[in-house]
file upload.csv (CSV, C-alpha atoms and all ligand atoms)
chain,number,residue,atom,x,y,z
E,1418,MET,CA,-14.1,-35.5,38.7
E,1419,SER,CA,-11.5,-33.6,36.8
E,1420,LYS,CA,-12.4,-30.0,35.8
E,1421,LEU,CA,-14.5,-29.8,32.7
E,1422,LEU,CA,-13.2,-27.7,29.9
E,1423,PRO,CA,-15.3,-24.7,28.7
E,1424,VAL,CA,-16.5,-25.1,25.1
E,1425,GLU,CA,-14.6,-22.1,23.8
E,1426,GLU,CA,-11.4,-23.2,25.4
E,1427,ALA,CA,-11.7,-26.7,23.9
E,1428,GLN,CA,-12.5,-25.2,20.4
E,1429,ALA,CA,-9.4,-22.9,20.6
E,1430,ARG,CA,-7.2,-25.8,21.7
E,1431,LEU,CA,-8.6,-28.1,18.9
E,1432,LEU,CA,-7.9,-25.5,16.2
E,1433,ALA,CA,-4.5,-24.8,17.6
E,1434,LEU,CA,-3.4,-28.4,17.1
E,1435,ARG,CA,-2.9,-27.9,13.3
E,1436,ALA,CA,-2.3,-24.9,11.0
E,1437,PRO,CA,-4.6,-24.6,7.9
E,1438,LEU,CA,-3.6,-26.9,5.0
E,1439,ALA,CA,-1.4,-25.4,2.2
E,1440,PRO,CA,-3.4,-23.5,-0.3
E,1441,GLU,CA,-3.9,-24.6,-3.9
E,1442,LYS,CA,-5.2,-23.1,-7.2
E,1443,THR,CA,-8.7,-23.9,-8.3
E,1444,ALA,CA,-10.9,-23.2,-11.3
E,1445,PHE,CA,-13.9,-21.0,-10.7
E,1446,SER,CA,-16.2,-23.9,-11.5
E,1447,GLU,CA,-14.7,-25.9,-8.6
E,1448,SER,CA,-14.5,-23.1,-6.1
E,1449,LEU,CA,-18.0,-23.0,-4.5
E,1450,GLY,CA,-17.8,-23.4,-0.7
E,1451,ARG,CA,-14.0,-23.2,-0.7
E,1452,TYR,CA,-12.1,-20.7,1.5
E,1453,LEU,CA,-10.0,-18.1,-0.2
E,1454,SER,CA,-6.3,-18.2,0.7
E,1455,ASP,CA,-5.6,-14.7,-0.7
E,1456,ASP,CA,-7.7,-11.6,-1.1
E,1457,VAL,CA,-9.2,-11.4,-4.6
E,1458,VAL,CA,-7.9,-8.1,-6.0
E,1459,ALA,CA,-9.4,-6.5,-9.1
E,1460,LEU,CA,-7.1,-6.6,-12.1
E,1461,ARG,CA,-9.4,-4.3,-14.1
E,1462,ASP,CA,-11.9,-1.5,-13.8
E,1463,GLN,CA,-15.5,-2.6,-14.0
E,1464,PRO,CA,-17.0,-1.2,-16.1
E,1465,ALA,CA,-13.8,-0.5,-18.1
E,1466,ALA,CA,-15.7,2.3,-19.9
E,1467,PRO,CA,-19.0,4.1,-19.3
E,1468,LEU,CA,-21.9,1.8,-20.3
E,1469,SER,CA,-25.6,2.3,-20.9
E,1470,ALA,CA,-27.7,0.9,-18.1
E,1471,MET,CA,-30.8,0.8,-20.3
E,1472,ASP,CA,-32.1,0.4,-23.9
E,1473,GLY,CA,-32.6,3.9,-25.3
E,1474,TYR,CA,-30.7,6.8,-27.0
E,1475,ALA,CA,-27.3,8.2,-26.1
E,1476,ILE,CA,-27.4,12.0,-26.1
E,1477,ARG,CA,-25.6,15.1,-24.7
E,1478,HIS,CA,-27.5,16.4,-21.6
E,1479,ALA,CA,-26.8,19.9,-22.7
E,1480,ASP,CA,-29.0,19.4,-25.8
E,1481,LEU,CA,-32.2,18.8,-23.8
E,1482,PRO,CA,-35.1,19.1,-24.5
E,1483,GLY,CA,-34.2,18.0,-28.1
E,1484,PRO,CA,-35.2,17.1,-30.7
E,1485,TRP,CA,-32.3,15.0,-32.0
E,1486,THR,CA,-31.1,13.3,-35.2
E,1487,VAL,CA,-30.4,9.6,-34.8
E,1488,THR,CA,-27.1,8.9,-36.5
E,1489,GLY,CA,-26.5,5.2,-35.8
E,1490,GLU,CA,-26.6,2.5,-33.2
E,1491,VAL,CA,-24.4,0.7,-30.7
E,1492,ALA,CA,-25.1,-2.6,-29.0
E,1493,ALA,CA,-23.3,-4.5,-26.2
E,1494,GLY,CA,-19.9,-5.8,-27.3
E,1495,ALA,CA,-19.6,-3.1,-30.0
E,1496,ILE,CA,-17.9,0.3,-30.1
E,1497,ALA,CA,-19.8,3.3,-31.6
E,1498,ALA,CA,-18.5,4.1,-35.1
E,1499,ALA,CA,-18.9,7.9,-34.6
E,1500,THR,CA,-19.1,10.4,-31.8
E,1501,VAL,CA,-22.3,12.1,-30.8
E,1502,GLY,CA,-22.3,15.8,-31.8
E,1503,ARG,CA,-24.6,18.6,-30.9
E,1504,GLY,CA,-28.2,17.7,-31.6
E,1505,GLN,CA,-27.3,14.1,-32.4
E,1506,ALA,CA,-28.4,10.9,-30.7
E,1507,MET,CA,-27.3,7.3,-31.1
E,1508,ARG,CA,-29.6,4.2,-30.6
E,1509,ILE,CA,-28.0,2.3,-27.6
E,1510,PHE,CA,-28.7,-1.0,-25.8
E,1511,THR,CA,-28.0,-2.1,-22.2
E,1512,GLY,CA,-24.3,-2.9,-21.7
E,1513,ALA,CA,-23.1,-1.0,-24.8
E,1514,PRO,CA,-20.3,1.5,-24.3
E,1515,LEU,CA,-21.4,5.1,-24.4
E,1516,PRO,CA,-20.3,6.8,-27.6
E,1517,ASP,CA,-17.8,9.6,-27.3
E,1518,GLY,CA,-19.6,13.0,-26.9
E,1519,ALA,CA,-22.7,11.5,-25.2
E,1520,ASP,CA,-23.1,11.7,-21.5
E,1521,THR,CA,-26.7,10.6,-20.8
E,1522,VAL,CA,-29.2,8.0,-22.0
E,1523,LEU,CA,-32.9,8.6,-22.7
E,1524,ILE,CA,-34.8,5.4,-22.1
E,1525,GLN,CA,-36.9,4.2,-25.0
E,1526,GLU,CA,-40.1,4.5,-23.1
E,1527,ASP,CA,-39.7,8.3,-22.8
E,1528,VAL,CA,-39.2,9.1,-26.5
E,1529,VAL,CA,-40.8,8.7,-30.0
E,1530,VAL,CA,-38.8,8.3,-33.2
E,1531,ASP,CA,-40.1,9.4,-36.6
E,1532,GLY,CA,-37.6,8.5,-39.3
E,1533,ALA,CA,-34.3,9.8,-37.9
E,1534,THR,CA,-35.9,12.4,-35.6
E,1535,LEU,CA,-36.0,11.6,-31.9
E,1536,THR,CA,-38.4,13.6,-29.7
E,1537,LEU,CA,-38.8,13.5,-25.9
E,1538,THR,CA,-42.4,12.7,-24.8
E,1539,ASP,CA,-41.8,12.3,-21.1
E,1540,PRO,CA,-40.1,14.5,-18.5
E,1541,ALA,CA,-36.4,15.1,-19.2
E,1542,PRO,CA,-33.7,13.1,-17.4
E,1543,ALA,CA,-33.1,14.8,-14.0
E,1544,TYR,CA,-29.3,14.9,-14.3
E,1545,PRO,CA,-26.4,14.4,-16.7
E,1546,GLY,CA,-25.2,10.9,-16.6
E,1547,GLN,CA,-28.6,9.3,-16.0
E,1548,HIS,CA,-28.8,5.6,-17.0
E,1549,VAL,CA,-25.1,5.6,-17.5
E,1550,ARG,CA,-22.8,3.3,-15.5
E,1551,ASN,CA,-19.6,5.2,-15.1
E,1552,ARG,CA,-16.1,3.7,-15.5
E,1553,ALA,CA,-15.1,1.8,-12.3
E,1554,SER,CA,-18.5,2.5,-10.7
E,1555,ASP,CA,-18.7,-1.1,-9.7
E,1556,PHE,CA,-15.0,-1.4,-8.7
E,1557,ALA,CA,-11.6,-0.1,-9.7
E,1558,VAL,CA,-8.3,-1.9,-10.3
E,1559,GLY,CA,-6.7,-2.8,-7.0
E,1560,ALA,CA,-10.0,-3.0,-5.0
E,1561,THR,CA,-10.3,-6.0,-2.7
E,1562,LEU,CA,-13.4,-7.9,-4.0
E,1563,VAL,CA,-13.4,-10.8,-1.6
E,1564,ALA,CA,-11.2,-11.1,1.5
E,1565,ALA,CA,-8.9,-14.1,2.3
E,1566,GLY,CA,-10.6,-16.6,4.6
E,1567,THR,CA,-14.0,-16.0,3.1
E,1568,ARG,CA,-16.2,-18.9,2.0
E,1569,LEU,CA,-16.8,-18.5,-1.7
E,1570,THR,CA,-20.5,-17.9,-2.5
E,1571,PRO,CA,-22.0,-17.8,-6.1
E,1572,GLY,CA,-21.9,-13.9,-5.8
E,1573,ALA,CA,-18.3,-13.9,-4.7
E,1574,ILE,CA,-17.3,-16.2,-7.6
E,1575,ALA,CA,-19.0,-13.7,-10.0
E,1576,ALA,CA,-17.1,-10.8,-8.5
E,1577,ALA,CA,-13.8,-12.7,-8.7
E,1578,ILE,CA,-14.4,-13.5,-12.4
E,1579,MET,CA,-15.4,-9.9,-13.2
E,1580,GLY,CA,-12.2,-8.8,-11.5
E,1581,GLY,CA,-10.3,-10.4,-14.3
E,1582,GLY,CA,-8.4,-13.2,-12.7
E,1583,ALA,CA,-8.1,-16.7,-14.2
E,1584,GLN,CA,-8.3,-18.9,-11.1
E,1585,LEU,CA,-8.5,-18.7,-7.4
E,1586,GLY,CA,-6.2,-19.5,-4.5
E,1587,VAL,CA,-8.1,-21.6,-1.9
E,1588,GLY,CA,-7.3,-23.7,1.1
E,1589,ALA,CA,-6.9,-27.4,0.3
E,1590,ARG,CA,-9.7,-29.7,1.3
E,1591,PRO,CA,-8.9,-31.8,4.3
E,1592,ARG,CA,-9.3,-35.6,3.9
E,1593,VAL,CA,-11.7,-36.8,6.5
E,1594,ALA,CA,-12.3,-40.4,7.6
E,1595,ILE,CA,-15.5,-41.3,9.5
E,1596,LEU,CA,-15.2,-44.3,11.9
E,1597,THR,CA,-18.2,-45.5,13.9
E,1598,THR,CA,-17.6,-47.9,16.7
E,1599,GLY,CA,-20.0,-50.3,18.5
E,1600,ASP,CA,-20.8,-54.0,18.6
E,1601,GLU,CA,-24.5,-53.1,18.3
E,1602,LEU,CA,-24.2,-51.2,15.0
E,1603,VAL,CA,-25.6,-52.5,11.7
E,1604,ARG,CA,-25.3,-50.8,8.3
E,1605,PRO,CA,-28.3,-48.6,7.5
E,1606,GLY,CA,-31.1,-50.6,5.9
E,1607,ARG,CA,-29.9,-54.0,7.0
E,1608,ALA,CA,-31.9,-56.5,9.1
E,1609,LEU,CA,-31.4,-56.2,12.8
E,1610,ALA,CA,-30.8,-59.0,15.3
E,1611,PRO,CA,-32.0,-58.4,18.9
E,1612,GLY,CA,-29.7,-55.9,20.6
E,1613,GLN,CA,-28.6,-54.3,17.4
E,1614,ILE,CA,-29.4,-50.8,16.1
E,1615,PRO,CA,-28.9,-49.1,12.7
E,1616,ASP,CA,-25.7,-47.0,12.4
E,1617,SER,CA,-27.2,-43.6,11.9
E,1618,ASN,CA,-24.2,-41.5,13.0
E,1619,GLY,CA,-22.0,-42.5,10.2
E,1620,ALA,CA,-24.3,-41.3,7.5
E,1621,MET,CA,-25.3,-38.2,9.6
E,1622,LEU,CA,-21.7,-37.1,9.8
E,1623,ALA,CA,-21.1,-37.8,6.2
E,1624,ALA,CA,-24.1,-35.6,5.4
E,1625,MET,CA,-22.9,-32.8,7.6
E,1626,LEU,CA,-19.5,-32.9,5.9
E,1627,ALA,CA,-20.9,-33.2,2.4
E,1628,VAL,CA,-21.6,-29.4,2.3
E,1629,GLU,CA,-18.1,-28.6,3.6
E,1630,PRO,CA,-14.9,-28.3,1.5
E,1631,ALA,CA,-13.6,-31.7,2.6
E,1632,VAL,CA,-12.8,-35.0,0.9
E,1633,VAL,CA,-14.8,-37.5,2.9
E,1634,GLY,CA,-14.4,-41.3,2.8
E,1635,LEU,CA,-17.4,-43.6,3.1
E,1636,PRO,CA,-18.1,-44.2,6.8
E,1637,LEU,CA,-16.4,-47.3,8.2
E,1638,SER,CA,-17.9,-49.2,11.2
E,1639,ILE,CA,-15.9,-51.4,13.5
E,1640,ARG,CA,-16.6,-53.4,16.6
E,1641,ASP,CA,-15.7,-52.5,20.2
E,1642,ASP,CA,-12.3,-54.0,20.0
E,1643,ARG,CA,-9.3,-52.0,21.2
E,1644,GLN,CA,-6.7,-53.8,19.0
E,1645,THR,CA,-8.7,-53.6,15.8
E,1646,LEU,CA,-9.5,-49.9,16.5
E,1647,SER,CA,-5.9,-49.1,17.1
E,1648,LYS,CA,-4.8,-50.8,13.8
E,1649,VAL,CA,-7.5,-49.0,11.8
E,1650,LEU,CA,-6.6,-45.6,13.4
E,1651,LYS,CA,-2.9,-46.1,12.4
E,1652,ASP,CA,-3.8,-47.1,8.9
E,1653,LEU,CA,-6.3,-44.2,8.4
E,1654,ALA,CA,-3.8,-41.7,9.8
E,1655,ARG,CA,-1.5,-42.3,6.8
E,1656,ARG,CA,-4.1,-41.1,4.3
E,1657,HIS,CA,-6.2,-38.5,6.2
E,1658,ASP,CA,-6.0,-35.1,7.8
E,1659,VAL,CA,-8.8,-35.8,10.2
E,1660,ILE,CA,-10.2,-39.1,11.7
E,1661,VAL,CA,-13.5,-38.6,13.4
E,1662,THR,CA,-14.6,-41.5,15.5
E,1663,VAL,CA,-18.1,-41.8,17.0
E,1664,GLY,CA,-19.0,-43.9,20.0
E,1665,GLY,CA,-16.7,-45.4,22.6
E,1666,ALA,CA,-15.4,-42.0,23.7
E,1667,SER,CA,-16.4,-42.4,27.4
E,1668,VAL,CA,-14.8,-44.4,30.2
E,1669,GLY,CA,-16.9,-47.6,30.1
E,1670,ASP,CA,-15.4,-51.1,29.7
E,1671,HIS,CA,-16.4,-51.0,26.1
E,1672,ASP,CA,-15.2,-47.5,25.3
E,1673,HIS,CA,-11.9,-48.1,23.5
E,1674,VAL,CA,-11.1,-44.9,21.6
E,1675,ARG,CA,-8.7,-43.5,24.2
E,1676,GLY,CA,-6.9,-46.8,24.7
E,1677,ALA,CA,-6.7,-47.4,20.9
E,1678,LEU,CA,-5.3,-43.9,20.4
E,1679,GLU,CA,-2.6,-44.6,23.0
E,1680,ASP,CA,-1.8,-48.0,21.4
E,1681,ALA,CA,-1.5,-46.4,18.0
E,1682,GLY,CA,1.2,-44.1,19.4
E,1683,GLY,CA,-1.1,-41.1,19.4
E,1684,ALA,CA,-1.3,-38.2,21.9
E,1685,LEU,CA,-4.5,-37.2,23.8
E,1686,ASP,CA,-5.2,-33.5,24.1
E,1687,PHE,CA,-8.4,-33.2,26.2
E,1688,TRP,CA,-11.5,-35.2,26.7
E,1689,LYS,CA,-14.2,-33.7,29.0
E,1690,ILE,CA,-16.1,-30.6,27.9
E,1691,ALA,CA,-18.5,-28.5,30.0
E,1692,MET,CA,-21.4,-29.1,27.6
E,1693,ARG,CA,-24.6,-31.1,27.4
E,1694,PRO,CA,-25.0,-33.1,25.4
E,1695,GLY,CA,-21.5,-34.2,24.6
E,1696,LYS,CA,-19.3,-34.2,27.7
E,1697,PRO,CA,-17.0,-37.1,26.6
E,1698,LEU,CA,-15.0,-35.7,23.7
E,1699,ILE,CA,-11.6,-36.8,22.6
E,1700,ALA,CA,-9.1,-34.8,20.7
E,1701,GLY,CA,-5.6,-35.9,19.8
E,1702,THR,CA,-3.2,-36.7,17.1
E,1703,VAL,CA,-2.2,-40.0,15.5
E,1704,GLY,CA,0.8,-39.5,13.2
E,1705,ASP,CA,0.0,-36.5,11.1
E,1706,ALA,CA,-3.7,-36.9,11.4
E,1707,LEU,CA,-6.0,-35.3,14.0
E,1708,LEU,CA,-8.3,-37.5,15.9
E,1709,LEU,CA,-11.6,-36.3,17.1
E,1710,GLY,CA,-13.6,-38.7,19.2
E,1711,LEU,CA,-17.3,-37.9,19.4
E,1712,PRO,CA,-19.8,-39.5,21.8
E,1713,GLY,CA,-22.2,-42.0,20.2
E,1714,ASN,CA,-25.7,-40.8,21.3
E,1715,PRO,CA,-27.1,-39.3,18.1
E,1716,SER,CA,-27.8,-35.8,19.6
E,1717,SER,CA,-24.4,-35.8,21.3
E,1718,ALA,CA,-22.7,-36.7,18.1
E,1719,PHE,CA,-24.6,-34.0,16.2
E,1720,VAL,CA,-23.9,-31.2,18.7
E,1721,THR,CA,-20.2,-32.1,19.1
E,1722,ALA,CA,-19.8,-32.3,15.3
E,1723,THR,CA,-21.5,-28.9,15.0
E,1724,LEU,CA,-19.2,-27.3,17.6
E,1725,PHE,CA,-15.9,-29.2,16.9
E,1726,LEU,CA,-15.8,-31.3,13.7
E,1727,ILE,CA,-17.2,-28.8,11.3
E,1728,PRO,CA,-15.1,-25.9,12.7
E,1729,LEU,CA,-12.0,-28.1,12.6
E,1730,VAL,CA,-12.6,-28.9,8.9
E,1731,ARG,CA,-13.3,-25.3,8.1
E,1732,HIS,CA,-10.1,-24.2,9.9
E,1733,LEU,CA,-8.0,-26.7,8.0
E,1734,ALA,CA,-9.7,-25.5,4.8
E,1735,GLY,CA,-8.6,-21.9,5.4
E,1736,ALA,CA,-11.7,-20.3,7.0
E,1737,ALA,CA,-11.1,-17.0,8.8
E,1738,SER,CA,-14.1,-17.6,11.1
E,1739,PRO,CA,-14.6,-21.4,11.4
E,1740,LEU,CA,-16.8,-21.4,14.5
E,1741,PRO,CA,-20.6,-21.5,14.2
E,1742,GLU,CA,-22.3,-18.0,14.3
E,1743,ILE,CA,-24.2,-17.3,17.5
E,1744,ARG,CA,-27.6,-15.6,16.7
E,1745,HIS,CA,-30.3,-14.3,18.9
E,1746,ALA,CA,-34.1,-14.7,19.0
E,1747,PRO,CA,-36.9,-14.6,21.6
E,1748,LEU,CA,-38.1,-17.8,23.3
E,1749,LEU,CA,-41.7,-19.0,22.8
E,1750,ALA,CA,-42.0,-20.5,26.3
E,1751,PRO,CA,-40.2,-20.0,29.6
E,1752,LEU,CA,-36.9,-21.8,30.0
E,1753,GLY,CA,-35.7,-23.4,33.2
E,1754,PRO,CA,-32.4,-22.7,34.9
E,1755,GLY,CA,-29.0,-23.9,33.6
E,1756,GLY,CA,-26.9,-26.7,35.2
E,1757,LYS,CA,-23.2,-27.5,35.6
E,1758,ARG,CA,-22.6,-27.7,31.9
E,1759,ARG,CA,-23.6,-25.4,29.0
E,1760,ASP,CA,-26.7,-26.8,27.3
E,1761,TYR,CA,-27.2,-26.9,23.6
E,1762,LEU,CA,-31.0,-27.4,23.5
E,1763,ARG,CA,-32.6,-28.8,20.4
E,1764,ALA,CA,-35.2,-26.3,19.2
E,1765,ARG,CA,-37.2,-25.0,16.2
E,1766,LEU,CA,-37.1,-21.5,15.0
E,1767,GLU,CA,-40.5,-20.6,13.7
E,1768,GLY,CA,-41.6,-17.1,12.7
E,1769,GLY,CA,-38.5,-15.8,14.3
E,1770,VAL,CA,-39.3,-17.4,17.7
E,1771,LEU,CA,-37.4,-20.3,19.4
E,1772,ALA,CA,-39.5,-23.3,20.5
E,1773,VAL,CA,-37.3,-25.4,22.7
E,1774,PHE,CA,-38.3,-29.1,22.6
E,1775,ASP,CA,-39.5,-30.7,25.9
E,1776,SER,CA,-37.4,-33.8,25.5
E,1777,GLN,CA,-33.6,-33.1,25.5
E,1778,ASP,CA,-32.7,-36.8,25.8
E,1779,SER,CA,-29.4,-37.1,23.8
E,1780,GLY,CA,-30.3,-40.6,22.7
E,1781,ARG,CA,-33.3,-39.5,20.7
E,1782,THR,CA,-33.1,-39.0,17.0
E,1783,PHE,CA,-36.8,-37.9,16.5
E,1784,PRO,CA,-36.2,-34.4,17.9
E,1785,LEU,CA,-33.0,-34.1,15.9
E,1786,ALA,CA,-35.0,-34.5,12.7
E,1787,ALA,CA,-37.2,-31.6,13.7
E,1788,ALA,CA,-34.6,-29.3,15.1
E,1789,THR,CA,-33.5,-26.2,13.2
E,1790,ALA,CA,-31.7,-24.5,16.1
E,1791,LEU,CA,-29.5,-25.2,19.1
E,1792,VAL,CA,-30.4,-22.9,21.9
E,1793,LEU,CA,-27.5,-22.1,24.3
E,1794,ARG,CA,-28.1,-22.1,28.0
E,1795,GLU,CA,-25.2,-21.1,30.1
E,1796,ILE,CA,-23.9,-22.8,33.2
E,1797,ASP,CA,-26.0,-21.8,36.3
E,1798,ALA,CA,-28.2,-19.6,34.0
E,1799,ALA,CA,-31.2,-18.0,35.7
E,1800,PRO,CA,-34.6,-19.2,34.4
E,1801,ARG,CA,-35.9,-17.1,31.5
E,1802,ALA,CA,-39.4,-15.9,30.7
E,1803,ALA,CA,-41.2,-16.4,27.5
E,1804,GLY,CA,-40.2,-13.6,25.1
E,1805,ALA,CA,-36.7,-13.3,26.6
E,1806,VAL,CA,-34.0,-13.3,23.9
E,1807,ALA,CA,-31.7,-16.4,23.8
E,1808,PRO,CA,-28.5,-17.2,21.9
E,1809,TYR,CA,-28.8,-20.0,19.3
E,1810,ILE,CA,-26.9,-21.7,16.5
E,1811,ASP,CA,-28.8,-22.1,13.2
E,1812,ILE,CA,-28.7,-25.8,12.1
E,1813,ALA,CA,-31.5,-25.6,9.5
B,1901,LIG,P1,-21.2,-44.8,23.2
B,1901,LIG,O1,-20.8,-43.4,23.0
B,1901,LIG,O2,-20.5,-45.8,22.4
B,1901,LIG,O3,-21.3,-45.1,24.7
B,1901,LIG,O4,-22.7,-44.8,22.7
B,1901,LIG,C1,-23.8,-44.1,23.3
B,1901,LIG,C2,-25.1,-44.5,22.7
B,1901,LIG,O5,-25.1,-44.1,21.3
B,1901,LIG,C3,-25.4,-45.9,22.7
B,1901,LIG,O6,-26.8,-46.1,23.0
B,1901,LIG,C4,-25.1,-46.4,21.3
B,1901,LIG,O7,-25.8,-47.5,21.0
B,1901,LIG,C5,-25.4,-45.2,20.5
B,1901,LIG,N1,-24.6,-45.2,19.3
B,1901,LIG,C6,-23.3,-45.3,19.2
B,1901,LIG,N2,-22.8,-45.2,18.0
B,1901,LIG,C7,-23.9,-45.0,17.2
B,1901,LIG,C8,-24.1,-44.8,15.8
B,1901,LIG,N3,-23.1,-44.9,15.0
B,1901,LIG,N4,-25.4,-44.7,15.4
B,1901,LIG,C9,-26.4,-44.6,16.2
B,1901,LIG,N5,-26.3,-44.8,17.5
B,1901,LIG,C10,-25.1,-45.0,18.1
B,1902,MG,MG,-20.4,-47.8,22.3
call {"tool": "encode", "arguments": {"input": "upload.csv", "output": "structure tokens"}}
result
Amino acid sequence: MSKLLPVEEAQARLLALRAPLAPEKTAFSESLGRYLSDDVVALRDQPAAPLSAMDGYAIRHADLPGPWTVTGEVAAGAIAAATVGRGQAMRIFTGAPLPDGADTVLIQEDVVVDGATLTLTDPAPAYPGQHVRNRASDFAVGATLVAAGTRLTPGAIAAAIMGGGAQLGVGARPRVAILTTGDELVRPGRALAPGQIPDSNGAMLAAMLAVEPAVVGLPLSIRDDRQTLSKVLKDLARRHDVIVTVGGASVGDHDHVRGALEDAGGALDFWKIAMRPGKPLIAGTVGDALLLGLPGNPSSAFVTATLFLIPLVRHLAGAASPLPEIRHAPLLAPLGPGGKRRDYLRARLEGGVLAVFDSQDSGRTFPLAAATALVLREIDAAPRAAGAVAPYIDIA
């Protein structure tokens, strides 16, 4: 048997096959989940002037302990008509610019007002500037608000908007085709003849990709026929950045992805990975498209999609860190020794503890439905006791 490729090496080789797609401009409303192509740099100070952080009265700290004469009011969006002089106060509301002369806000719960006379009833503010948001206290012009390669979250979008820009530069969304292969496959929900099974992988991969910045076609399913497969690959390659096939990636008489890739004029990059599930994995190119061939067993397809397909899509979409994050948590029960390939064990993280499922049969979908974590077990790893900390990938 040829030498198996370590997972990290295979991931690096896969991502090296293509550079990220060219960036494009996008509206804030379309930017969630996209990867920034440039740093978002603040074009303005925030706040642009000192603002009140509370509803209350703007005063000069030097005038404490009062009393004061209330001379007017200022609300958010307005500018005070007058300055605040010695012994004067101005009614102020959250988000309103502090009037000139004032430096501190008394909160309304701490004062009483009788006509125009304001008196402090509670302890005085501890320091000048209390309840005031200083100019640029959030960020100043030129600050990097969100770094290139970051996935845009709702909070990052808010910061980018507050920074004063009009749109965002993001990586383009790769166009992904999903192709399931197998004579036994039937569309989800359709009646099954003996020997047939529902095609679960197509919809599973589409669901995994639905939360990624990708344009994903409806899954196609074709029979185990090298010629048809080759034609379809060639055709899909014209309109897609990534073609992901599932099934037929091994070396059986009915496994045609490698052969079809050759017939389509494509190039094979590698195809045996030191991992379980998921050893047979094909990566290559057809025309300008990348081809990723995943094994058909549902758990194998899921694990290889997690480790290769999703990172590939994120890389093309401009992610700085496209690989799944490795976290750590203690094991609920002892774990046996590792074998000749790295295991990705289906498990559940409950109360911060990893419960690894008894059955790791890659053909089963039932454990896949319950799994929220993939526990990594290294090649030739020693057995581990309950409570030992293990690395895992969050798949919840
Ligand atoms: P293969 O990788 O084609 O050898 O398939 C391995 C196993 O996964 C076989 O039991 C297939 O029937 C099953 N399988 C292949 N493709 C799918 C699919 N799209 N949905 C569910 N099971 C599949
Ligand atoms: Mg098959």
call {"tool": "closest_residue", "arguments": {"input": "upload.csv", "among": "E:Ala1803, E:Ala1746, E:Ala1553, E:Ala1436", "to": "Ala1589 (chain E)", "atoms": "all atoms listed in the file"}}
result
E:Ala1436
call {"tool": "atom_distance", "arguments": {"input": "upload.csv", "atom1": "CA of Val1549 (chain E)", "atom2": "CA of Gly1502 (chain E)"}}
result
17.8 Å
call {"tool": "atom_distance", "arguments": {"input": "upload.csv", "atom1": "CA of Ile1699 (chain E)", "atom2": "CA of His1673 (chain E)"}}
result
11.3 Å
call {"tool": "residues_near_ligand", "arguments": {"input": "upload.csv", "ligand": "ligand MG 1902 (chain B)", "cutoff": "7 Å", "atoms": "all atoms listed in the file", "output": "NGL selection string"}}
result
:E and (1598-1599 or 1641 or 1664-1665 or 1671-1672 or 1713)
call {"tool": "residues_near_point", "arguments": {"input": "upload.csv", "point": "(-30.8, 10.2, -29.1)", "cutoff": "6 Å", "atoms": "only C-alpha atoms", "output": "count of residues only"}}
result
7
call {"tool": "residues_around", "arguments": {"input": "upload.csv", "residues": "Ser1454 (chain E)", "least_positions_apart": "3", "cutoff": "8 Å", "atoms": "all atoms listed in the file", "output": "ChimeraX atom specification"}}
result
/E:1440,1565-1566,1586-1588,1735
call {"tool": "residues_near_ligand", "arguments": {"input": "upload.csv", "ligand": "ligand LIG 1901 (chain B)", "cutoff": "8 Å", "atoms": "only C-alpha atoms and all ligand atoms", "output": "list in words"}}
result
Thr1597, Thr1598, Gly1599, Glu1601, Leu1602, Ile1614, Pro1615, Asp1616, Ser1617, Asn1618, Gly1619, Ser1638, Val1663, Gly1664, Gly1665, Ala1666, Ser1667, Gly1669, His1671, Asp1672, Leu1711, Pro1712, Gly1713, Asn1714, Pro1715 and Gly1780 of chain E
call {"tool": "closest_residue", "arguments": {"input": "upload.csv", "among": "E:Arg1568, E:Arg1477, E:Arg1550, E:Arg1508", "to": "Ser1738 (chain E)", "atoms": "only C-alpha atoms"}}
result
E:Arg1568
call {"tool": "residues_around", "arguments": {"input": "upload.csv", "residues": "Gly1483 (chain E)", "least_positions_apart": "6", "cutoff": "12 Å", "atoms": "all atoms listed in the file", "output": "ChimeraX atom specification"}}
result
/E:1474,1476-1477,1503-1506,1523,1528-1530,1534-1542
call {"tool": "closest_residue", "arguments": {"input": "upload.csv", "among": "E:Gly1704, E:Arg1640, E:Arg1590, E:Ala1787", "to": "Leu1438 (chain E)", "atoms": "only C-alpha atoms"}}
result
E:Arg1590
call {"tool": "residues_near_point", "arguments": {"input": "upload.csv", "point": "(-13.2, -18.0, 10.6)", "cutoff": "10 Å", "atoms": "all atoms listed in the file", "output": "JSON, numbers by chain"}}
result
{"E": [1452, 1566, 1567, 1568, 1728, 1731, 1732, 1735, 1736, 1737, 1738, 1739, 1740, 1741, 1742]}
call {"tool": "residues_around", "arguments": {"input": "upload.csv", "residues": "Gln1463 (chain E)", "least_positions_apart": "3", "cutoff": "8 Å", "atoms": "all atoms listed in the file", "output": "list of chain:residue names"}}
result
E:Ala1466, E:Arg1552, E:Ala1553, E:Ser1554, E:Asp1555, E:Phe1556, E:Ala1557, E:Met1579, E:Gly1580
call {"tool": "atom_distance", "arguments": {"input": "upload.csv", "atom1": "CA of Lys1648 (chain E)", "atom2": "CA of Ala1433 (chain E)"}}
result
26.3 Å
call {"tool": "closest_residue", "arguments": {"input": "upload.csv", "among": "E:Gly1572, E:Ile1812, E:Leu1653, E:Ala1798", "to": "Leu1724 (chain E)", "atoms": "all atoms listed in the file"}}
result
E:Ile1812
call {"tool": "closest_residue", "arguments": {"input": "upload.csv", "among": "E:His1657, E:Arg1430, E:Lys1689, E:Arg1801", "to": "Ala1631 (chain E)", "atoms": "only C-alpha atoms"}}
result
E:His1657
call {"tool": "closest_residue", "arguments": {"input": "upload.csv", "among": "E:Arg1592, E:Arg1765, E:Lys1651, E:Arg1604", "to": "Leu1748 (chain E)", "atoms": "all atoms listed in the file"}}
result
E:Arg1765
